[in-house]
>>> print(open('protein04.tsv').read())   # TSV, C-alpha atoms
chain	number	residue	atom	x	y	z
A	689	MET	CA	158.92	62.37	94.34
A	690	LYS	CA	160.84	59.92	96.55
A	691	LEU	CA	157.56	58.78	98.08
A	692	LYS	CA	156.22	58.02	94.60
A	693	TYR	CA	159.25	55.82	93.73
A	694	PHE	CA	159.17	54.16	97.15
A	695	SER	CA	155.46	53.35	96.75
A	696	LEU	CA	156.05	51.99	93.27
A	697	ALA	CA	158.98	49.85	94.44
A	698	LEU	CA	156.94	48.56	97.38
A	699	PHE	CA	154.07	47.68	95.04
A	700	PHE	CA	156.38	45.58	92.80
A	701	ILE	CA	157.97	43.85	95.80
A	702	ILE	CA	154.56	42.85	97.15
A	703	LEU	CA	153.41	41.76	93.70
A	704	SER	CA	156.50	39.59	93.18
A	705	CYS	CA	155.92	37.78	96.50
A	706	ASN	CA	152.75	36.09	95.29
A	707	GLU	CA	153.58	32.50	94.44
A	708	THR	CA	151.34	30.90	91.86
A	709	LYS	CA	150.70	27.19	92.13
A	710	GLU	CA	149.38	25.00	89.39
A	711	VAL	CA	146.00	23.54	90.25
A	712	SER	CA	145.68	19.96	89.12
A	713	SER	CA	143.16	17.17	89.40
A	714	LEU	CA	146.00	14.68	89.51
A	715	HIS	CA	147.19	13.90	93.00
A	716	HIS	CA	150.92	13.38	92.84
A	717	GLU	CA	150.73	10.12	94.78
A	718	ASN	CA	153.06	7.55	93.26
A	719	TRP	CA	150.65	4.61	93.17
A	720	SER	CA	153.34	2.27	91.80
A	721	LYS	CA	155.21	2.54	95.13
A	722	ARG	CA	152.09	1.13	96.84
A	723	LYS	CA	151.61	-1.77	94.41
A	724	ALA	CA	150.43	-4.92	96.16
A	725	ASN	CA	150.67	-8.49	94.95
A	726	ILE	CA	147.57	-10.32	96.11
A	727	LYS	CA	147.53	-14.07	95.65
A	728	ALA	CA	144.33	-15.90	94.76
A	729	THR	CA	144.99	-18.17	97.74
A	730	ASP	CA	144.90	-15.26	100.22
A	731	SER	CA	141.82	-15.45	102.45
A	732	LEU	CA	140.69	-11.85	101.99
A	733	GLU	CA	137.12	-10.55	102.05
A	734	PHE	CA	135.96	-8.48	99.06
A	735	GLY	CA	133.95	-5.27	99.29
A	736	LYS	CA	132.76	-2.41	97.11
A	737	SER	CA	131.90	1.11	98.23
A	738	TYR	CA	130.18	4.11	96.59
A	739	LEU	CA	131.19	7.70	97.44
A	740	SER	CA	129.28	10.74	96.20
A	741	ILE	CA	131.35	13.86	95.63
A	742	TYR	CA	130.67	17.29	94.18
A	743	SER	CA	133.18	19.10	91.95
A	744	GLN	CA	130.39	21.66	91.39
A	745	ILE	CA	127.25	22.70	93.26
A	746	TYR	CA	124.36	24.84	92.13
A	747	SER	CA	124.37	28.45	93.24
A	748	VAL	CA	121.39	30.85	93.03
A	749	SER	CA	119.60	28.69	90.42
A	750	GLU	CA	119.99	25.61	88.25
A	751	HIS	CA	121.72	27.85	85.69
A	752	ALA	CA	124.71	28.81	87.85
A	753	THR	CA	127.28	26.53	89.47
A	754	HIS	CA	130.07	27.03	91.97
A	755	ASN	CA	133.31	25.03	91.58
A	756	LEU	CA	134.75	23.12	94.54
A	757	THR	CA	138.07	21.52	95.45
A	758	VAL	CA	137.58	17.86	96.38
A	759	MET	CA	139.75	15.75	98.67
A	760	VAL	CA	138.88	12.07	98.62
A	761	SER	CA	140.28	10.40	101.71
A	762	LEU	CA	141.03	6.64	101.59
A	763	ARG	CA	141.59	5.34	105.13
A	764	ASN	CA	142.60	2.05	106.70
A	765	THR	CA	140.68	1.97	109.99
A	766	SER	CA	142.52	-1.10	111.30
A	767	ASP	CA	145.34	-0.60	113.78
A	768	LEU	CA	146.60	-4.15	113.09
A	769	ASP	CA	146.06	-5.18	109.47
A	770	THR	CA	147.11	-4.01	106.03
A	771	ILE	CA	144.23	-3.59	103.57
A	772	TYR	CA	144.15	-3.61	99.78
A	773	LEU	CA	142.43	-1.22	97.40
A	774	LEU	CA	141.76	-2.84	94.03
A	775	LYS	CA	140.09	0.05	92.18
A	776	ALA	CA	139.32	3.75	92.56
A	777	ASN	CA	137.17	4.75	89.60
A	778	TYR	CA	135.83	8.30	89.17
A	779	TYR	CA	132.54	8.90	87.29
A	780	ASP	CA	130.73	12.04	86.16
A	781	SER	CA	127.10	13.05	86.78
A	782	HIS	CA	125.94	10.90	83.85
A	783	GLY	CA	127.79	7.76	85.00
A	784	ALA	CA	130.51	8.07	82.37
A	785	PRO	CA	134.04	7.15	83.52
A	786	VAL	CA	136.29	10.16	84.10
A	787	LYS	CA	139.45	8.56	85.51
A	788	THR	CA	140.86	5.36	86.97
A	789	TYR	CA	143.38	6.25	89.67
A	790	PHE	CA	145.47	3.08	89.83
A	791	LYS	CA	145.72	0.04	87.57
A	792	ASP	CA	147.15	-2.44	90.06
A	793	PRO	CA	145.99	-3.14	93.63
A	794	ILE	CA	147.60	-0.92	96.26
A	795	TYR	CA	148.01	-1.40	100.00
A	796	LEU	CA	147.36	0.80	103.02
A	797	GLY	CA	149.19	-0.12	106.21
A	798	PRO	CA	147.51	-0.04	109.63
A	799	MET	CA	145.92	3.40	110.30
A	800	GLU	CA	147.32	4.75	107.02
A	801	THR	CA	145.54	7.32	104.84
A	802	THR	CA	146.07	8.47	101.28
A	803	GLU	CA	144.19	11.05	99.23
A	804	ILE	CA	142.95	11.85	95.78
A	805	ILE	CA	142.72	15.58	95.08
A	806	ILE	CA	140.46	17.06	92.40
A	807	GLY	CA	141.31	20.71	91.81
A	808	GLU	CA	138.68	23.45	91.81
A	809	THR	CA	139.15	24.13	88.11
A	810	ASP	CA	138.56	20.46	87.18
A	811	VAL	CA	134.79	20.24	86.74
A	812	ALA	CA	134.72	17.09	84.58
A	813	GLY	CA	132.69	15.26	87.24
A	814	GLY	CA	129.98	17.90	87.51
A	815	THR	CA	127.33	18.19	90.21
A	816	GLY	CA	126.72	14.46	90.62
A	817	SER	CA	130.18	12.92	90.42
A	818	ASN	CA	131.10	9.80	92.35
A	819	PHE	CA	133.65	7.09	93.02
A	820	ILE	CA	133.45	3.31	93.15
A	821	PHE	CA	136.10	1.64	95.30
A	822	GLU	CA	136.80	-2.08	95.32
A	823	TRP	CA	138.81	-3.45	98.21
A	824	LYS	CA	139.94	-6.55	100.09
A	825	VAL	CA	140.60	-6.92	103.80
A	826	PRO	CA	141.68	-9.81	106.04
A	827	LYS	CA	138.82	-11.70	107.73
A	828	GLY	CA	137.66	-9.84	110.84
A	829	CYS	CA	139.35	-6.60	109.78
A	830	PRO	CA	137.30	-3.37	109.86
A	831	GLU	CA	136.21	-1.99	106.48
A	832	PRO	CA	138.12	0.92	104.95
A	833	LEU	CA	136.64	4.39	105.26
A	834	PHE	CA	136.18	6.58	102.19
A	835	GLU	CA	135.25	10.24	102.69
A	836	GLY	CA	134.89	13.25	100.44
A	837	VAL	CA	135.72	16.75	101.67
A	838	MET	CA	134.54	19.52	99.37
A	839	ASN	CA	135.52	23.14	99.90
A	840	SER	CA	135.96	26.53	98.34
A	841	THR	CA	137.01	29.91	99.63
A	842	LYS	CA	136.54	33.28	97.96
A	843	GLY	CA	137.67	36.36	99.83
A	844	GLN	CA	136.33	35.99	103.36
A	845	GLN	CA	133.63	33.49	102.41
A	846	GLY	CA	134.12	29.76	102.78
A	847	LEU	CA	132.12	26.66	102.00
A	848	SER	CA	132.96	23.17	103.21
A	849	PHE	CA	131.09	19.88	103.62
A	850	THR	CA	131.77	16.14	103.72
A	851	THR	CA	130.32	12.89	102.41
A	852	GLN	CA	130.94	9.27	103.44
A	853	ALA	CA	130.89	6.18	101.29
A	854	ILE	CA	128.33	3.41	101.63
A	855	ARG	CA	129.12	-0.24	101.10
A	856	THR	CA	127.33	-1.61	98.05
A	857	GLN	CA	128.75	-5.13	98.04
>>> encode(input="protein04.tsv", output="C-alpha cells")
Amino acid sequence: MKLKYFSLALFFIILSCNETKEVSSLHHENWSKRKANIKATDSLEFGKSYLSIYSQIYSVSEHATHNLTVMVSLRNTSDLDTIYLLKANYYDSHGAPVKTYFKDPIYLGPMETTEIIIGETDVAGGTGSNFIFEWKVPKGCPEPLFEGVMNSTKGQQGLSFTTQAIRTQ
C-alpha cells in the first residue's frame, strides 16, 4: 500500500516539474531601443536582400505538412562599422504581407546579431514564406548577412536546415 502512495506521489512530483512555455511568433526584441536616426546627408549605401524561409515543409505528400520553428538571424559582418536595417517585412507563400517587424530604422553595432523567431505553431507564412530586408551601410562596409535556421524535434527525431539571403538591389 505504501508503495502505491509513494508511486502516486512520485508521479505528481514529476508531472509538476514540467514547465510549459508559451510559443510565440513575436520575438521579444525591443526594437524601439535600437531606433536609429539616419540623416539624408549621411553617405550610406542602400541595399535590399531576399531570404526564403519555411514555417512548414511537405511531409509524405503534398497533402501533409510538418511545422518548423524559424530563427531569422540578422548579422552585422563588419568589425568596425555600425549598419542600419530599414525594413524587415515577412511575406507568406502567396506574397501577401504577414508582418512588419520594425517601423523605424534600427542599428546593429560592429559584429552584432539580432534575431526574429517564428514559433512552430505559427504557420501563417506557409511553405514558401520569405523576408525582404532593406538596409544601409557606410561606403566600403561589408553587407549584412541574413540567414534562416529552420528546425523541429519530435521525440528522438530532429530536422534542421539553413537558408541565406541574396541581394536583390
>>> residues_around(input="protein04.tsv", residues="Met799 (chain A)", least_positions_apart="2", cutoff="6 Å", atoms="all atoms listed in the file", output="PyMOL selection string")
chain A and resi 764-767
>>> residues_near_point(input="protein04.tsv", point="(134.7, 26.1, 105.4)", cutoff="12 Å", atoms="all atoms listed in the file", output="PyMOL selection string")
chain A and resi 756-757+837-842+844-850
>>> write_last_selection(input="protein04.tsv", atoms="C-alpha atoms", output="PDB file, keeping the file's coordinate frame")
ATOM      1  CA  LEU A 756     134.750  23.120  94.540  1.00  0.00           C
ATOM      2  CA  THR A 757     138.070  21.520  95.450  1.00  0.00           C
ATOM      3  CA  VAL A 837     135.720  16.750 101.670  1.00  0.00           C
ATOM      4  CA  MET A 838     134.540  19.520  99.370  1.00  0.00           C
ATOM      5  CA  ASN A 839     135.520  23.140  99.900  1.00  0.00           C
ATOM      6  CA  SER A 840     135.960  26.530  98.340  1.00  0.00           C
ATOM      7  CA  THR A 841     137.010  29.910  99.630  1.00  0.00           C
ATOM      8  CA  LYS A 842     136.540  33.280  97.960  1.00  0.00           C
ATOM      9  CA  GLN A 844     136.330  35.990 103.360  1.00  0.00           C
ATOM     10  CA  GLN A 845     133.630  33.490 102.410  1.00  0.00           C
ATOM     11  CA  GLY A 846     134.120  29.760 102.780  1.00  0.00           C
ATOM     12  CA  LEU A 847     132.120  26.660 102.000  1.00  0.00           C
ATOM     13  CA  SER A 848     132.960  23.170 103.210  1.00  0.00           C
ATOM     14  CA  PHE A 849     131.090  19.880 103.620  1.00  0.00           C
ATOM     15  CA  THR A 850     131.770  16.140 103.720  1.00  0.00           C
TER      16      THR A 850
END
>>> residues_around(input="protein04.tsv", residues="region 779-785 of chain A", least_positions_apart="6", cutoff="7 Å", atoms="all atoms listed in the file", output="PDB file with C-alpha atoms, keeping the file's coordinate frame")
ATOM      1  CA  ALA A 812     134.720  17.090  84.580  1.00  0.00           C
ATOM      2  CA  GLY A 813     132.690  15.260  87.240  1.00  0.00           C
ATOM      3  CA  GLY A 814     129.980  17.900  87.510  1.00  0.00           C
ATOM      4  CA  THR A 815     127.330  18.190  90.210  1.00  0.00           C
ATOM      5  CA  GLY A 816     126.720  14.460  90.620  1.00  0.00           C
ATOM      6  CA  SER A 817     130.180  12.920  90.420  1.00  0.00           C
ATOM      7  CA  ASN A 818     131.100   9.800  92.350  1.00  0.00           C
ATOM      8  CA  PHE A 819     133.650   7.090  93.020  1.00  0.00           C
TER       9      PHE A 819
END
>>> closest_residue(input="protein04.tsv", among="A:Glu835, A:Ala724, A:Gln857, A:Ile806", to="Phe790 (chain A)", atoms="all atoms listed in the file")
A:Ala724
>>> atom_distance(input="protein04.tsv", atom1="CA of Thr801 (chain A)", atom2="CA of Thr856 (chain A)")
21.4 Å
>>> closest_residue(input="protein04.tsv", among="A:Ser761, A:Ser749, A:Asn777, A:Thr802", to="Gly836 (chain A)", atoms="all atoms listed in the file")
A:Ser761
>>> closest_residue(input="protein04.tsv", among="A:Glu750, A:Asp730, A:Asp769, A:Asp810", to="Glu831 (chain A)", atoms="all atoms listed in the file")
A:Asp769
>>> residues_around(input="protein04.tsv", residues="Asn718 (chain A)", least_positions_apart="4", cutoff="12 Å", atoms="all atoms listed in the file", output="PyMOL selection string")
chain A and resi 714+722-723+789-791+794+802-804
>>> atom_distance(input="protein04.tsv", atom1="CA of Pro793 (chain A)", atom2="CA of Cys829 (chain A)")
17.8 Å
>>> closest_residue(input="protein04.tsv", among="A:Ile820, A:Ile726, A:Leu739, A:Val760", to="Thr788 (chain A)", atoms="all atoms listed in the file")
A:Ile820
>>> atom_distance(input="protein04.tsv", atom1="CA of Gly797 (chain A)", atom2="CA of Pro826 (chain A)")
12.3 Å
>>> closest_residue(input="protein04.tsv", among="A:Thr753, A:Thr851, A:Val786, A:Glu733", to="Pro830 (chain A)", atoms="all atoms listed in the file")
A:Glu733
>>> axis_aligned_box(input="protein04.tsv", around="region 796-804 of chain A", padding_each_side="4 Å", output="JSON")
{"center_x": 146.1, "center_y": 5.9, "center_z": 103.0, "size_x": 14.2, "size_y": 20.0, "size_z": 22.5}
>>> closest_residue(input="protein04.tsv", among="A:Leu773, A:Ile805, A:Leu796, A:Val811", to="His754 (chain A)", atoms="all atoms listed in the file")
A:Val811
>>> decode(input="protein04.tsv", residues="region 816-828 of chain A", atoms="all heavy atoms", output="compact mmCIF listing (two decimals), in the first residue's frame")
# COMPACT_ATOMS: atom_id res chain seq x y z
N GLY A 816 6.22 28.55 -48.46
CA GLY A 816 7.04 29.42 -49.31
C GLY A 816 7.21 30.81 -48.75
O GLY A 816 7.28 31.79 -49.48
N SER A 817 7.28 30.93 -47.43
CA SER A 817 7.39 32.25 -46.81
C SER A 817 8.77 32.87 -47.04
O SER A 817 9.74 32.18 -47.37
CB SER A 817 7.06 32.17 -45.32
OG SER A 817 7.75 31.12 -44.69
N ASN A 818 8.84 34.18 -46.88
CA ASN A 818 10.09 34.89 -47.14
C ASN A 818 10.12 36.25 -46.47
O ASN A 818 9.11 36.73 -45.99
CB ASN A 818 10.32 35.02 -48.65
CG ASN A 818 9.15 35.66 -49.34
OD1 ASN A 818 8.95 36.87 -49.26
ND2 ASN A 818 8.34 34.85 -50.02
N PHE A 819 11.31 36.82 -46.44
CA PHE A 819 11.54 38.16 -45.90
C PHE A 819 12.18 39.03 -46.97
O PHE A 819 12.96 38.55 -47.80
CB PHE A 819 12.52 38.11 -44.72
CG PHE A 819 11.88 37.83 -43.40
CD1 PHE A 819 11.66 36.53 -42.98
CD2 PHE A 819 11.51 38.87 -42.55
CE1 PHE A 819 11.08 36.26 -41.75
CE2 PHE A 819 10.93 38.61 -41.32
CZ PHE A 819 10.72 37.30 -40.92
N ILE A 820 11.87 40.31 -46.90
CA ILE A 820 12.61 41.34 -47.64
C ILE A 820 13.22 42.26 -46.58
O ILE A 820 12.51 42.76 -45.70
CB ILE A 820 11.71 42.15 -48.59
CG1 ILE A 820 11.19 41.27 -49.72
CG2 ILE A 820 12.45 43.38 -49.13
CD1 ILE A 820 12.21 40.88 -50.77
N PHE A 821 14.52 42.45 -46.68
CA PHE A 821 15.24 43.37 -45.79
C PHE A 821 15.77 44.53 -46.60
O PHE A 821 16.34 44.32 -47.69
CB PHE A 821 16.43 42.66 -45.11
CG PHE A 821 16.03 41.49 -44.27
CD1 PHE A 821 16.17 40.20 -44.75
CD2 PHE A 821 15.51 41.67 -43.00
CE1 PHE A 821 15.81 39.11 -43.99
CE2 PHE A 821 15.14 40.58 -42.23
CZ PHE A 821 15.30 39.30 -42.72
N GLU A 822 15.60 45.73 -46.10
CA GLU A 822 16.23 46.90 -46.69
C GLU A 822 17.23 47.42 -45.67
O GLU A 822 16.95 47.43 -44.47
CB GLU A 822 15.19 47.97 -47.03
CG GLU A 822 14.28 47.56 -48.16
CD GLU A 822 13.30 48.64 -48.57
OE1 GLU A 822 13.40 49.80 -48.10
OE2 GLU A 822 12.39 48.32 -49.37
N TRP A 823 18.39 47.86 -46.14
CA TRP A 823 19.47 48.22 -45.24
C TRP A 823 20.35 49.31 -45.84
O TRP A 823 20.33 49.55 -47.05
CB TRP A 823 20.29 47.00 -44.87
CG TRP A 823 20.62 46.08 -46.03
CD1 TRP A 823 19.87 45.04 -46.48
CD2 TRP A 823 21.77 46.14 -46.89
NE1 TRP A 823 20.48 44.43 -47.56
CE2 TRP A 823 21.66 45.10 -47.82
CE3 TRP A 823 22.87 46.96 -46.95
CZ2 TRP A 823 22.62 44.86 -48.81
CZ3 TRP A 823 23.84 46.73 -47.93
CH2 TRP A 823 23.69 45.68 -48.84
N LYS A 824 21.13 49.95 -44.96
CA LYS A 824 22.12 50.94 -45.37
C LYS A 824 23.40 50.67 -44.59
O LYS A 824 23.35 50.35 -43.40
CB LYS A 824 21.64 52.37 -45.10
CG LYS A 824 20.59 52.85 -46.08
CD LYS A 824 20.33 54.33 -45.93
CE LYS A 824 19.40 54.81 -47.05
NZ LYS A 824 19.17 56.26 -46.96
N VAL A 825 24.52 50.81 -45.31
CA VAL A 825 25.83 50.61 -44.69
C VAL A 825 26.76 51.74 -45.13
O VAL A 825 26.58 52.32 -46.20
CB VAL A 825 26.45 49.25 -45.09
CG1 VAL A 825 25.60 48.09 -44.57
CG2 VAL A 825 26.66 49.14 -46.58
N PRO A 826 27.78 52.06 -44.33
CA PRO A 826 28.78 53.04 -44.76
C PRO A 826 29.51 52.53 -46.01
O PRO A 826 29.64 51.32 -46.22
CB PRO A 826 29.73 53.13 -43.57
CG PRO A 826 28.93 52.64 -42.39
CD PRO A 826 28.00 51.61 -42.95
N LYS A 827 29.99 53.44 -46.83
CA LYS A 827 30.75 53.07 -48.03
C LYS A 827 31.94 52.20 -47.64
O LYS A 827 32.64 52.48 -46.67
CB LYS A 827 31.23 54.32 -48.76
CG LYS A 827 30.10 55.08 -49.42
CD LYS A 827 30.64 56.20 -50.30
CE LYS A 827 29.56 57.11 -50.80
NZ LYS A 827 28.64 56.59 -51.70
N GLY A 828 32.12 51.10 -48.37
CA GLY A 828 33.23 50.19 -48.11
C GLY A 828 32.97 49.17 -47.01
O GLY A 828 33.80 48.31 -46.75
